[in-house]
Structures are given as structure tokens and as C-alpha cells.
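Have a look at the structure below, then the notes.
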Amino acid sequence: MSTEVRTDAGRLWSRLMDMAKVGATSGGGSNRQALSDDDQAGRDLFIEWVQQAGCSIELDGVGNLFARRSGTDPDAPPVVMGSHLDTQPTGGRFDGVYGVLGGLEVIEALNDASVSTRAPLEVAVWTNEEGSRFPVSMMGSAVWAGVSDLDSIRALTDRSGVTVGAELDRLGWSGTAAFGKPLSAYLELHIEQGPILEASGSSIGVVTGVQGIRWFEVTFEGFAAHAGTTPMDRRRDPARALADTLHGVYELAAADADRVRVTPAQFASEPASPNTVPSKVSFTVDMRHPDAAGLDRLEAALRSLVAEAADQHGCGHRIDVINDCAPVVFDPRCGGAVEAAARLCGFAFEHIGSGAGHDACHVAMRAPAGMIFIPCQDGLSHNEEESIEPDDAGRGADVLLHAALELAGVADDTANAGRTTEC
Ligand code: GLV
Ligand code: MN
Ligand code: MN
């Protein structure tokens, strides 16, 4: 007798759709910004599902949640699958959510087939991956991995001055589980968020690593003056310094379009009055490059553009690095397990680097980590119209299932006897 273990693509899809109703936006996406009431409601739904699946739950001090299905070896560290349930303000329905509910689907498929693993399996929900409300992305995994310390993260504020710490306490997310516990492996299933798999027709991306990401907050200080009476050549206008900097930043990307990504965003000015030359302008710049030296070169170029623009327009300036994630290369054994799972299931796959940041980047500092991508429509993400095919979602979950089984080991017991690893 052979037991085919497969995920249930229909069940996964209906869970994805149910989760998308929490914080649904008028444009068909989701808005569950980190540590908001909707983020809590999404978690409550997830907790209900994992408890029905027989998992136990623990929370650490930054609200990272781990749902655990026991293995047969009490001493084996868990194989953790996961991602995030928080979204961008106008986010899609799949970014992050897919990796969390894919992990749950793996557990349910194993329950259905009465398959035990040697190592426990866990599904992680990392806190504030997006960094849009509290501007540190991959925040929960950064604290878990020891990249950021809890006290400084608790002190971070959103735009209305509410701290991470106050929200963690209000929601009851300040748990006691240890940070950085040993893991056998970490696997994150995610939509690609870019156009590569769709163009090549591959169902599965075996992710080799993630490019470097650095965020800056740039501030120009000028001098407030009357918009109608102040001659143009007597102004110290930080908006002009902004304009020159933006021009230079986009030129950096144009000079190396294959590798460089630059995204100026979050613009603010003071006093923000239409008929006053601003006294202050600030904005963020997200810069990405596949290698560390390239990212350093981008930073140096930004710094000189900002200094020149400030000088040119008589402004003061300041640059703060607010997020920094070095390029990551994933563990070859995890990549090998993902590749073997894709082969076993007969799915077309390719190796691919990630343009987006993921919690797996931080986990990789502590444990063997890998990622699985599936295609998304038009490579679109961080947009309410983000979309995937249900069949692709099912294929990714099957690959996660078989890679997790490979890394956790199938228990040698009666229920598992005769099980094959066919898809
Ligand atoms: C994650 O959302 C990123 O900014 O890459
Ligand atoms: Mn994500
Ligand atoms: Mn995202």
C-alpha cells in the first residue's frame, strides 16, 4: 500500500480568501498593518485554525507566534515554516499570508494522512515584516535573530507616536518564549513578487538568496518664507535640494538597471502650507543591490548627492540609516530539499534570487534557511491587485510539504509504514 501525501489546494485557497476578509480594502486587497486591531484579528483566525489542527502555541517578547505540531523525537529542534500576516497599507492578499497558511496546510495534510515527523514542525508568524507602520521591516525576526534589541524596537513609534511596546502590551503579544532557539531548518514559502517565474513558465522558484537592502531617512533643513514675495534667488528651499537628490538617485539606477533598485518614498514637509517655502523636507530612500560592495557604493553616492544638493541650496542636511539587511545566501541543504521536492512532484522549477526582503534573511543568521517562490500575476506585489493562481498555490504548498518532510524526517512508526514520497 502506498500513502500519497499531498496538500489540499482547495482548503488552502479558501483559507487565503477567509484571511483576506480581515482588513479587506475596497480595491480587493488587505490592510492589516502591524500590531493593529486587524493584525490581531488575522492572528485570532490563524490561532483558531492551528488549534483545530492540534497545535500548541507560544509567543516571544516581540509577538512572534509559533504553532507547533510535535514530532516523535522530543530532542529534535523543530523544522519551522512561516512568514507574516501583516500587510502593506494597500497590500495584496498573498504577500506573507501564503507562507503562513501554506505551513498550516502542510500540518493539516500530515494530520489527514496520519504521518508523524521525527522533528516537530512549527509555523511561525513573524511580527511586522512589512515595516510600513513601524519603519523597521522584518522586525520580529530581527529581534528573534539578535540583529535588533528588544528595548530599542519597543521604543519605535508609528506616525502618531504610538510605540511598538505599547501595542505589544495592549494586544497581549509580549510573550515569554526564548529568542533564537535552535531550529533544524526554516522554510519560507512566498509569492515571487516579481516577473521572473511568470515569464519563464516555471511553477517553482528555488530561492538561492536575497539581495541587500538599506533604507535611509534624508532630511533637508531650509528656511520658511513667503511664497509670493520671496525672490527665487533668496530662498533656502529644501524642496529644491529634494528635487536635485531625486534626479541623482534615479540616475544611479539608470546606470545599472539590472542590479540597482532605488525607491524614494514617505515624503514629508514642514510647515506643509501651500504658500510657504518649506523649512524642512524629509523622505525615505530604499536602496537595493545583490552584493554588499554595490550597496555600499550606492550609499556613498547618495551621501554625496545629498551633501551637494544641500550645499547648492543653502540647506542643512542629515541622513539616518533606518534599516540595513546584508545580502543573504541560503543554506544549500534547504535549497537541495526544495529542489528535490519540486522534482518529486514533477513541477518545473528554476533557481532564483529574491528582490524582496523576507524574514528568512534574519532566520538564516541562526539556522539553515531556504525559500520557495511561486509565480504571481504580472509580477505585481505591494498592490491590492496582487494575484496568484490557486493551482500554483497548491504546487508551492506541496513542495513545502515534501521539503519539510525531508528536513524533519518521517517517523518510523506504523502509521507511516508504506508511505512513499510520491506526489
Ligand atoms: C518586503 O516587503 C520588502 O520590502 O522587500
Ligand atoms: Mn512578504
Ligand atoms: Mn511585503
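Residues in the C-alpha cells are numbered from 1 in each chain, the chains being A, B, ... in the order shown, and ligands are numbered from 1 in the order shown.
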
Check which residues of chain A sit at most 9 Å from ligand 2 using only C-alpha atoms and all ligand atoms, and return one row each with the closest pair of atoms and their distance in Å to one decimal, ordered by chain and rising number, as a Markdown table.
```
| residue | atom | partner | partner_atom_place_in_ligand_line | distance |
| --- | --- | --- | --- | --- |
| A:Ser83 | CA | ligand 2 | 1 (Mn) | 6.9 |
| A:His84 | CA | ligand 2 | 1 (Mn) | 6.5 |
| A:Leu85 | CA | ligand 2 | 1 (Mn) | 8.6 |
| A:Asp86 | CA | ligand 2 | 1 (Mn) | 8.6 |
| A:Thr87 | CA | ligand 2 | 1 (Mn) | 8.0 |
| A:Phe94 | CA | ligand 2 | 1 (Mn) | 8.2 |
| A:Asp95 | CA | ligand 2 | 1 (Mn) | 4.5 |
| A:Gly96 | CA | ligand 2 | 1 (Mn) | 4.1 |
| A:Val97 | CA | ligand 2 | 1 (Mn) | 7.8 |
| A:Tyr98 | CA | ligand 2 | 1 (Mn) | 8.9 |
| A:Gly99 | CA | ligand 2 | 1 (Mn) | 8.5 |
| A:Glu129 | CA | ligand 2 | 1 (Mn) | 6.8 |
| A:Glu130 | CA | ligand 2 | 1 (Mn) | 6.9 |
| A:Met138 | CA | ligand 2 | 1 (Mn) | 8.9 |
| A:His190 | CA | ligand 2 | 1 (Mn) | 6.9 |
| A:Ile191 | CA | ligand 2 | 1 (Mn) | 7.9 |
| A:Gln193 | CA | ligand 2 | 1 (Mn) | 8.5 |
| A:Ala356 | CA | ligand 2 | 1 (Mn) | 7.6 |
| A:Gly357 | CA | ligand 2 | 1 (Mn) | 7.2 |
| A:His358 | CA | ligand 2 | 1 (Mn) | 5.9 |
| A:Asp359 | CA | ligand 2 | 1 (Mn) | 8.0 |
| A:His382 | CA | ligand 2 | 1 (Mn) | 9.0 |
```

Which of region 9-168 of chain A end up as alpha helix (DSSP H) when DSSP is run on this backbone - answer as a CSV table (one decimal) with C-alpha atoms, in the first residue's frame?
```
chain,number,residue,atom,x,y,z
A,9,ALA,CA,-5.2,23.2,-2.7
A,10,GLY,CA,-8.9,23.9,-2.3
A,11,ARG,CA,-8.7,24.1,1.5
A,12,LEU,CA,-5.6,26.4,1.3
A,13,TRP,CA,-7.3,28.7,-1.2
A,14,SER,CA,-10.4,29.0,0.9
A,15,ARG,CA,-8.3,29.9,4.0
A,16,LEU,CA,-6.4,32.5,1.9
A,17,MET,CA,-9.8,34.0,0.9
A,18,ASP,CA,-11.1,33.9,4.5
A,19,MET,CA,-7.9,35.7,5.8
A,20,ALA,CA,-8.2,38.3,3.1
A,37,ASP,CA,-6.6,45.5,15.6
A,38,ASP,CA,-6.9,43.9,12.1
A,39,ASP,CA,-3.4,42.3,12.5
A,40,GLN,CA,-4.8,40.9,15.8
A,41,ALA,CA,-8.0,39.7,14.1
A,42,GLY,CA,-5.9,37.9,11.4
A,43,ARG,CA,-3.9,36.2,14.1
A,44,ASP,CA,-7.0,35.2,16.0
A,45,LEU,CA,-8.3,33.5,12.9
A,46,PHE,CA,-5.0,31.7,12.4
A,47,ILE,CA,-4.9,30.6,16.1
A,48,GLU,CA,-8.4,29.2,15.8
A,49,TRP,CA,-7.2,27.1,12.7
A,50,VAL,CA,-4.0,25.9,14.2
A,51,GLN,CA,-5.6,24.9,17.4
A,52,GLN,CA,-8.2,22.9,15.5
A,97,VAL,CA,-0.1,35.2,4.2
A,98,TYR,CA,0.6,32.5,1.7
A,99,GLY,CA,3.7,31.3,3.6
A,100,VAL,CA,1.9,31.1,6.9
A,101,LEU,CA,-1.2,29.4,5.6
A,102,GLY,CA,0.9,27.1,3.4
A,103,GLY,CA,2.6,26.0,6.6
A,104,LEU,CA,-0.7,25.3,8.2
A,105,GLU,CA,-1.8,23.4,5.1
A,106,VAL,CA,1.3,21.2,5.4
A,107,ILE,CA,0.3,20.3,9.0
A,108,GLU,CA,-3.2,19.6,8.1
A,109,ALA,CA,-2.1,17.4,5.2
A,110,LEU,CA,0.1,15.4,7.5
A,111,ASN,CA,-2.7,15.1,10.0
A,112,ASP,CA,-5.1,13.8,7.3
A,139,MET,CA,11.2,43.5,12.7
A,140,GLY,CA,10.1,40.4,14.6
A,141,SER,CA,12.7,38.1,13.0
A,142,ALA,CA,15.4,40.7,13.6
A,143,VAL,CA,14.8,40.6,17.3
A,144,TRP,CA,14.5,36.8,17.3
A,145,ALA,CA,17.9,36.6,15.5
A,150,LEU,CA,14.0,44.3,22.1
A,151,ASP,CA,14.2,47.6,24.1
A,152,SER,CA,15.0,49.7,21.1
A,153,ILE,CA,12.4,48.0,19.0
A,154,ARG,CA,9.8,48.5,21.7
A,164,VAL,CA,5.7,49.1,19.4
A,165,GLY,CA,6.0,48.3,23.1
A,166,ALA,CA,2.6,49.9,23.9
A,167,GLU,CA,0.9,47.9,21.1
A,168,LEU,CA,2.6,44.6,22.1
```

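Atom pair CA of Ala243 (chain A) / CA of Gly379 (chain A) has a distance of 29.4 Å (rounded to one decimal).
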
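Close contacts of Asp237 (chain A), defined as residues with an atom at most 12 Å away when counting only C-alpha atoms, with chain neighbours fewer than 6 positions off set aside, comprise Phe220, Glu221, Gly222, Phe223, Ala224, Ala225, His226, Ala227, Thr230, Pro231, Ala243, Asp244, Ser269, Glu270, Thr276, Val277, Pro278, Ser279, Lys280, Val281, Ala309, Ala310, Asp311, Gln312, His313, Gly314, Cys315, Gly316 and His317 of chain A.
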
In Å to one decimal, how far is CA of Asn64 (chain A) from CA of Trp126 (chain A)? 4.7 Å

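Using only C-alpha atoms and all ligand atoms, the nearest neighbour of ligand 3 within the list A:Gly28, A:Gly355, A:Gly161, A:Pro78 is A:Gly355.
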
When DSSP is applied to the backbone of this structure, which of region 52-196 of chain A are assigned strand (DSSP E or B)? Write them out as an MDAnalysis selection string. chainID A and resid 56:60 65:69 79:83 91 117 121:125 157 163 177 185:191

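We find CA of Ala253 (chain A) and CA of Leu197 (chain A) to be spaced 23.1 Å apart.
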
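Distances to ligand 3 were evaluated for A:Ser282, A:Ser30, A:Ser203, A:Thr157 using only C-alpha atoms and all ligand atoms, and the minimum falls at A:Ser30.
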
Please identify all polymer residues within 7 Å of region 394-404 of chain A, counting only C-alpha atoms, omitting same-chain residues fewer than 6 positions from it, and present them as a list in words. Arg6, Thr7, Asp8, Ala9, Val79, Gly102, Val106, Leu189, Ile204, Ala337, Val338, Ala341, Ala342 and Ile374 of chain A

Restricted to N, CA, C and O atoms, what would the selected residues look like written as a short mmCIF file (atom, residue, chain, number, x, y, z; two decimals), in the first residue's frame?
```cif
data_model
loop_
_atom_site.label_atom_id
_atom_site.label_comp_id
_atom_site.auth_asym_id
_atom_site.auth_seq_id
_atom_site.Cartn_x
_atom_site.Cartn_y
_atom_site.Cartn_z
N ARG A 6 -0.34 14.68 0.09
CA ARG A 6 -0.49 15.88 -0.72
C ARG A 6 -1.24 16.92 0.07
O ARG A 6 -2.05 16.61 0.92
N THR A 7 -0.97 18.17 -0.24
CA THR A 7 -1.77 19.23 0.37
C THR A 7 -3.09 19.36 -0.38
O THR A 7 -3.24 18.84 -1.49
N ASP A 8 -4.02 20.06 0.24
CA ASP A 8 -5.34 20.25 -0.35
C ASP A 8 -5.42 21.71 -0.83
O ASP A 8 -5.61 22.63 -0.03
N ALA A 9 -5.26 21.87 -2.16
CA ALA A 9 -5.19 23.23 -2.72
C ALA A 9 -6.50 24.00 -2.49
O ALA A 9 -6.49 25.22 -2.28
N VAL A 79 11.54 21.89 12.61
CA VAL A 79 11.61 22.49 11.27
C VAL A 79 10.49 23.53 11.26
O VAL A 79 9.32 23.20 11.50
N GLY A 102 0.30 28.31 4.06
CA GLY A 102 0.93 27.14 3.42
C GLY A 102 1.50 26.21 4.49
O GLY A 102 1.38 24.98 4.40
N VAL A 106 0.39 22.31 5.32
CA VAL A 106 1.30 21.16 5.45
C VAL A 106 0.93 20.34 6.68
O VAL A 106 0.82 19.10 6.63
N LEU A 189 7.74 29.92 2.37
CA LEU A 189 7.02 29.84 1.09
C LEU A 189 6.44 31.22 0.81
O LEU A 189 5.82 31.80 1.70
N ILE A 204 7.88 26.75 -9.82
CA ILE A 204 8.54 26.85 -8.52
C ILE A 204 9.88 27.57 -8.67
O ILE A 204 10.66 27.28 -9.58
N ALA A 337 16.68 20.41 -0.56
CA ALA A 337 15.41 19.77 -0.18
C ALA A 337 14.26 20.35 -1.00
O ALA A 337 13.35 19.62 -1.41
N VAL A 338 14.30 21.65 -1.26
CA VAL A 338 13.24 22.28 -2.06
C VAL A 338 13.32 21.76 -3.50
O VAL A 338 12.30 21.40 -4.11
N ALA A 341 12.11 18.24 -3.69
CA ALA A 341 10.65 18.19 -3.57
C ALA A 341 9.98 18.58 -4.88
O ALA A 341 8.99 17.96 -5.31
N ALA A 342 10.53 19.60 -5.55
CA ALA A 342 9.95 20.02 -6.84
C ALA A 342 10.08 18.90 -7.87
O ALA A 342 9.16 18.62 -8.64
N ILE A 374 6.50 31.00 -5.71
CA ILE A 374 5.59 30.66 -6.82
C ILE A 374 5.34 31.93 -7.62
O ILE A 374 5.55 33.04 -7.12
#
```

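Nearest-residue note for Gly353 (chain A): choosing from A:Cys334, A:Val218, A:Val328, A:Ala241, the minimum distance belongs to A:Val328, counting only C-alpha atoms.
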
Can you list, as a PyMOL selection string, every protein, DNA or RNA residue that comes within 10 Å of Glu251 (chain A) when you count only C-alpha atoms, leaving out same-chain residues fewer than 6 positions away? chain A and resi 245+257+262

Output for the residues just chosen: N, CA, C and O atoms as a PDB file, in the first residue's frame:
```
ATOM      1  N   THR A 245      18.281  65.800  -5.508  1.00  0.00           N
ATOM      2  CA  THR A 245      18.666  64.472  -4.989  1.00  0.00           C
ATOM      3  C   THR A 245      17.899  63.383  -5.723  1.00  0.00           C
ATOM      4  O   THR A 245      18.485  62.365  -6.133  1.00  0.00           O
ATOM      5  N   ALA A 257      20.693  49.259 -14.526  1.00  0.00           N
ATOM      6  CA  ALA A 257      19.270  48.915 -14.382  1.00  0.00           C
ATOM      7  C   ALA A 257      19.036  47.462 -14.008  1.00  0.00           C
ATOM      8  O   ALA A 257      18.003  47.116 -13.430  1.00  0.00           O
ATOM      9  N   VAL A 262      16.132  51.663  -6.634  1.00  0.00           N
ATOM     10  CA  VAL A 262      16.043  52.794  -5.706  1.00  0.00           C
ATOM     11  C   VAL A 262      14.589  53.215  -5.588  1.00  0.00           C
ATOM     12  O   VAL A 262      13.877  53.278  -6.590  1.00  0.00           O
TER      13      VAL A 262
END
```

Extract, using only C-alpha atoms, all DNA, RNA and protein residues at most 10 Å from Ala369 (chain A), discarding same-chain residues fewer than 4 positions from it, and format them as a list in words. Val79, Val80, Met81, Leu183, Ser184, Ala185, Tyr186, Leu187, Glu188, Gly209, Val329, Phe330, Asp331, Pro332, Arg333, Cys334, Gly335, Ala360, Cys361, His362, Val363, Ala364 and Met365 of chain A

Mind checking which residues fall within 6 Å of Gly205 (chain A), counting only C-alpha atoms, ignoring those fewer than 2 positions away in the same chain, and posting them as an NGL selection string? :A and (207 or 349-352 or 372-373)

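You can rank A:Gly228, A:Gly175, A:Gly92, A:Gly61 by their closest distance to ligand 3 using only C-alpha atoms and all ligand atoms, and at the top of that list sits A:Gly92.
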